[in-house]
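Chemist: Sharing a structure here in structure tokens format.
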Amino acid sequence: MADSSLALDRLRQPEYTGENRCTPCTIVNVVIAAVLAAAVAAISPPIAPVVLLVSLAAIYFRGYLVPGTPTVTKQYFPDWLLAKFDKAPEPGAPAVETGETGHETDGASDQFEPVEPESFFLEHGVVTPCTTANGEEDLCLDDDLQTAWRAEIDEMRDADRESQVADFLETDPETVTVSESSGNAVARVDGRLAAQWESDAALVADLASSRVLDEHLPDWESRPLEQRSQLASGLRAFVEQCPACGGPISIDAETVESCCRSHEVYAITCDDCGARVLEVQQ
């Protein structure tokens, strides 16, 4: 039994199975397996079930039957179709599932709709027009708010993450777990996915953002969780130091690979520790 388990483990390809399984690839390969079994059945019917079983086992353990299928689907399937199967969160904001947290919005909060963070921050004085060192016109975070944000980040960096996230999601800390998956910070409530961030650095930045925006905006608590999450993550575009290690950051254009597709993003990354702070899809 031990030898069998070891052999199966060698067959598994985690990058194409489990949470990373590409659904379009799986569908395509199951169809190929069925066609292959049908072709074998026309020649030798008794062998066809074995061929189908072996093919399905290969798809289950390896993610595909035909080598190169993930590359083919990314190249030839339309992006809108692959996006429907993509399990990765959209870059730029944590995937907050308020239905999983027990958070309830009342009738008064329904008036708030999704906002464009940059415009919202400019309107409320969170950011102000400024001139960069290169002489370009830009938007800069208010100095007092920047100082308060850094102080909150420093305070929250090494504190109990479950309690912090529970407060952010407005739920019982006993029900919350925070873990890392493929570099992402993942929060679950009662075992169900509740929110996901690009990294723990991004999570800390958002938790600290929520606190400083609560002090800066008088109606912060009356806004729905979805909008608060969107605005908190939007503040990450103005980060000047790494929330994880306090070091410098870099802003670059990158190609990001998910289970089903590739897309171009602008990425803010910590130079010293490599933590991903923000991804904004181009």
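Quick note on naming: the chains in the structure tokens go A, B, ... in the order shown, residues restart at 1 in each chain, and ligands are numbered from 1 in order of appearance.
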Counting only C-alpha atoms, give me one row per residue of range 185-210 of chain A with an atom at most 12 Å from an atom of range 150-154 of chain A, showing the shortest contact pair and its distance in Å to one decimal, sorted by chain then residue number, as a Markdown table.
Modeler:
| residue | atom | partner | partner_atom | distance |
| --- | --- | --- | --- | --- |
| A:Asp200 | CA | A:Ile153 | CA | 11.6 |
| A:Ala201 | CA | A:Ile153 | CA | 9.3 |
| A:Ala202 | CA | A:Ile153 | CA | 10.5 |
| A:Leu203 | CA | A:Ile153 | CA | 10.1 |
| A:Val204 | CA | A:Ile153 | CA | 6.4 |
| A:Ala205 | CA | A:Ile153 | CA | 6.2 |
| A:Asp206 | CA | A:Ile153 | CA | 9.0 |
| A:Leu207 | CA | A:Ile153 | CA | 8.0 |
| A:Ala208 | CA | A:Glu152 | CA | 5.2 |
| A:Ser209 | CA | A:Glu152 | CA | 8.0 |
| A:Ser210 | CA | A:Glu152 | CA | 9.8 |
Chemist: Which residues are near Leu217 in chain A? Cut-off 12 Å, only C-alpha atoms, ignore same chain within fewer than 3 positions. Put them as an NGL selection string.
Modeler: :A and (120-121 or 123-126 or 145 or 209-214 or 220-223 or 228 or 231)
Chemist: Could the residues in this selection be saved with N, CA, C and O atoms as a CSV table (one decimal), in the first residue's frame?
Modeler:
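again_21.csv was written with the following content:
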chain,number,residue,atom,x,y,z
A,120,PHE,N,-12.6,58.8,-5.5
A,120,PHE,CA,-13.2,59.0,-4.1
A,120,PHE,C,-12.2,59.6,-3.2
A,120,PHE,O,-12.5,60.5,-2.4
A,121,PHE,N,-10.9,59.1,-3.2
A,121,PHE,CA,-9.9,59.7,-2.3
A,121,PHE,C,-9.6,61.1,-2.6
A,121,PHE,O,-9.4,61.9,-1.7
A,123,GLU,N,-11.8,63.3,-3.9
A,123,GLU,CA,-13.0,64.0,-3.4
A,123,GLU,C,-13.0,64.3,-1.9
A,123,GLU,O,-13.4,65.3,-1.4
A,124,HIS,N,-12.5,63.3,-1.2
A,124,HIS,CA,-12.5,63.3,0.3
A,124,HIS,C,-11.2,63.8,0.9
A,124,HIS,O,-11.0,63.6,2.2
A,125,GLY,N,-10.3,64.2,0.1
A,125,GLY,CA,-9.0,64.7,0.7
A,125,GLY,C,-8.0,63.7,1.2
A,125,GLY,O,-7.1,64.0,1.9
A,126,VAL,N,-8.3,62.4,0.8
A,126,VAL,CA,-7.3,61.4,1.2
A,126,VAL,C,-6.0,61.5,0.4
A,126,VAL,O,-4.9,61.3,0.9
A,145,LEU,N,-2.1,61.4,6.9
A,145,LEU,CA,-2.7,60.1,6.7
A,145,LEU,C,-1.6,59.0,6.4
A,145,LEU,O,-1.7,57.9,6.9
A,209,SER,N,-5.2,50.2,6.5
A,209,SER,CA,-6.0,51.2,5.7
A,209,SER,C,-7.4,51.4,6.3
A,209,SER,O,-7.9,52.5,6.4
A,210,SER,N,-8.0,50.3,6.7
A,210,SER,CA,-9.4,50.4,7.2
A,210,SER,C,-9.4,51.2,8.5
A,210,SER,O,-10.4,52.0,8.7
A,211,ARG,N,-8.4,51.1,9.3
A,211,ARG,CA,-8.4,51.8,10.6
A,211,ARG,C,-8.2,53.3,10.3
A,211,ARG,O,-8.9,54.2,10.9
A,212,VAL,N,-7.3,53.7,9.4
A,212,VAL,CA,-7.0,55.1,9.2
A,212,VAL,C,-8.1,55.8,8.4
A,212,VAL,O,-8.5,57.0,8.7
A,213,LEU,N,-8.8,55.0,7.5
A,213,LEU,CA,-9.9,55.6,6.8
A,213,LEU,C,-11.1,55.7,7.7
A,213,LEU,O,-11.9,56.7,7.6
A,214,ASP,N,-11.2,54.9,8.7
A,214,ASP,CA,-12.3,55.0,9.7
A,214,ASP,C,-12.2,56.3,10.5
A,214,ASP,O,-13.1,57.0,10.8
A,220,TRP,N,-17.5,56.0,7.6
A,220,TRP,CA,-16.9,54.8,7.2
A,220,TRP,C,-17.6,53.5,7.6
A,220,TRP,O,-17.9,52.6,6.9
A,221,GLU,N,-18.0,53.5,8.9
A,221,GLU,CA,-18.7,52.3,9.4
A,221,GLU,C,-20.1,52.1,8.8
A,221,GLU,O,-20.6,50.9,8.8
A,222,SER,N,-20.7,53.1,8.2
A,222,SER,CA,-22.0,52.9,7.6
A,222,SER,C,-21.9,52.3,6.2
A,222,SER,O,-22.9,52.0,5.6
A,223,ARG,N,-20.7,52.3,5.7
A,223,ARG,CA,-20.6,51.8,4.3
A,223,ARG,C,-20.5,50.3,4.3
A,223,ARG,O,-20.0,49.7,5.3
A,228,ARG,N,-15.9,49.1,1.7
A,228,ARG,CA,-14.8,49.4,2.6
A,228,ARG,C,-13.6,48.6,2.1
A,228,ARG,O,-12.4,49.0,2.2
A,231,LEU,N,-12.1,50.2,-1.0
A,231,LEU,CA,-11.3,51.4,-0.7
A,231,LEU,C,-10.0,51.2,0.0
A,231,LEU,O,-9.0,51.8,-0.2
Chemist: Could you give me, as a tab-separated table, every range 158-267 of chain A residue with an atom at most 10 Å from range 128-141 of chain A, plus its closest atom pair and distance in Å to one decimal, counting only C-alpha atoms, rows ordered by chain then number?
Modeler:
residue	atom	partner	partner_atom	distance
A:Leu235	CA	A:Leu141	CA	8.6
A:Ala237	CA	A:Leu141	CA	9.7
A:Phe238	CA	A:Leu141	CA	6.4
A:Val239	CA	A:Leu141	CA	8.7
A:Glu240	CA	A:Leu141	CA	9.8
Chemist: Run DSSP on the backbone of this structure and report the residues of range 102-271 of chain A it assigns to strand (DSSP E), as a VMD selection string.
Modeler: chain A and resid 127 to 131 137 to 141 176 to 181 184 to 189 192 to 197 249 to 257 262 to 270
Chemist: Work out how far CA of Leu193 in chain A is from CA of Ser181 in chain A, in Å to one decimal.
Modeler: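 So the two atoms, CA of Ser181 in chain A and CA of Leu193 in chain A, lie 11.9 Å apart.
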Chemist: Taking only C-alpha atoms into account, name the residue in A:Val189, A:Ser182, A:Leu225, A:Glu215 that is nearest to Ala275 in chain A.
Modeler: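 Closest candidate: A:Ser182.
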Chemist: Excluding same-chain residues fewer than 6 positions from Ile249 in chain A, what lies within 8 Å of it counting only C-alpha atoms, as a VMD selection string?
Modeler: chain A and resid 240 to 242 268 to 271
Chemist: So how far away is CA of Pro218 in chain A from CA of Leu122 in chain A, in Å?
Modeler: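 For CA of Leu122 in chain A relative to CA of Pro218 in chain A, the distance reads 15.9 Å.
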Chemist: Can you list, as an mmCIF file with C-alpha atoms, in the first residue's frame, every protein, DNA or RNA residue that comes within 12 Å of Val178 in chain A when you count only C-alpha atoms, leaving out same-chain residues fewer than 3 positions away?
Modeler:
data_model
loop_
_atom_site.group_PDB
_atom_site.id
_atom_site.type_symbol
_atom_site.label_atom_id
_atom_site.label_comp_id
_atom_site.auth_asym_id
_atom_site.auth_seq_id
_atom_site.Cartn_x
_atom_site.Cartn_y
_atom_site.Cartn_z
ATOM 1 C CA ASP A 160 -2.814 38.180 15.867
ATOM 2 C CA ARG A 161 -3.991 37.940 12.266
ATOM 3 C CA GLU A 162 -7.192 35.980 12.950
ATOM 4 C CA SER A 163 -8.468 38.624 15.381
ATOM 5 C CA GLN A 164 -7.568 41.414 12.979
ATOM 6 C CA VAL A 165 -9.327 39.769 10.050
ATOM 7 C CA ALA A 166 -12.365 38.930 12.184
ATOM 8 C CA PRO A 173 -12.656 35.546 15.786
ATOM 9 C CA GLU A 174 -13.205 31.918 16.853
ATOM 10 C CA THR A 175 -14.552 31.127 13.369
ATOM 11 C CA SER A 181 -1.869 29.449 -0.376
ATOM 12 C CA ASN A 184 -1.815 34.509 -1.241
ATOM 13 C CA ALA A 185 -3.209 35.287 2.209
ATOM 14 C CA VAL A 186 -6.485 33.400 2.511
ATOM 15 C CA ALA A 187 -9.127 34.002 5.183
ATOM 16 C CA ARG A 188 -11.804 31.425 5.908
ATOM 17 C CA VAL A 189 -14.834 31.650 8.165
ATOM 18 C CA ASP A 190 -16.106 28.306 9.469
ATOM 19 C CA GLY A 191 -13.876 26.668 6.884
ATOM 20 C CA ARG A 192 -15.383 28.547 3.939
ATOM 21 C CA LEU A 193 -13.476 31.037 1.814
ATOM 22 C CA ALA A 194 -14.255 34.570 3.006
ATOM 23 C CA ALA A 195 -11.485 36.741 1.542
ATOM 24 C CA GLN A 196 -8.167 36.538 -0.272
ATOM 25 C CA TRP A 197 -5.247 38.942 -0.696
ATOM 26 C CA SER A 199 0.028 38.364 0.195
ATOM 27 C CA ASP A 200 0.144 38.883 3.930
ATOM 28 C CA LEU A 203 -3.561 42.016 3.981
#
Chemist: If DSSP is run on the backbone, what residues of range 111-264 of chain A are helix (DSSP H, G or I)? A reply as a PyMOL selection string would be ideal.
Modeler: chain A and resi 111+117-123+143-156+161-169+173-175+200-216+220-222+225-238
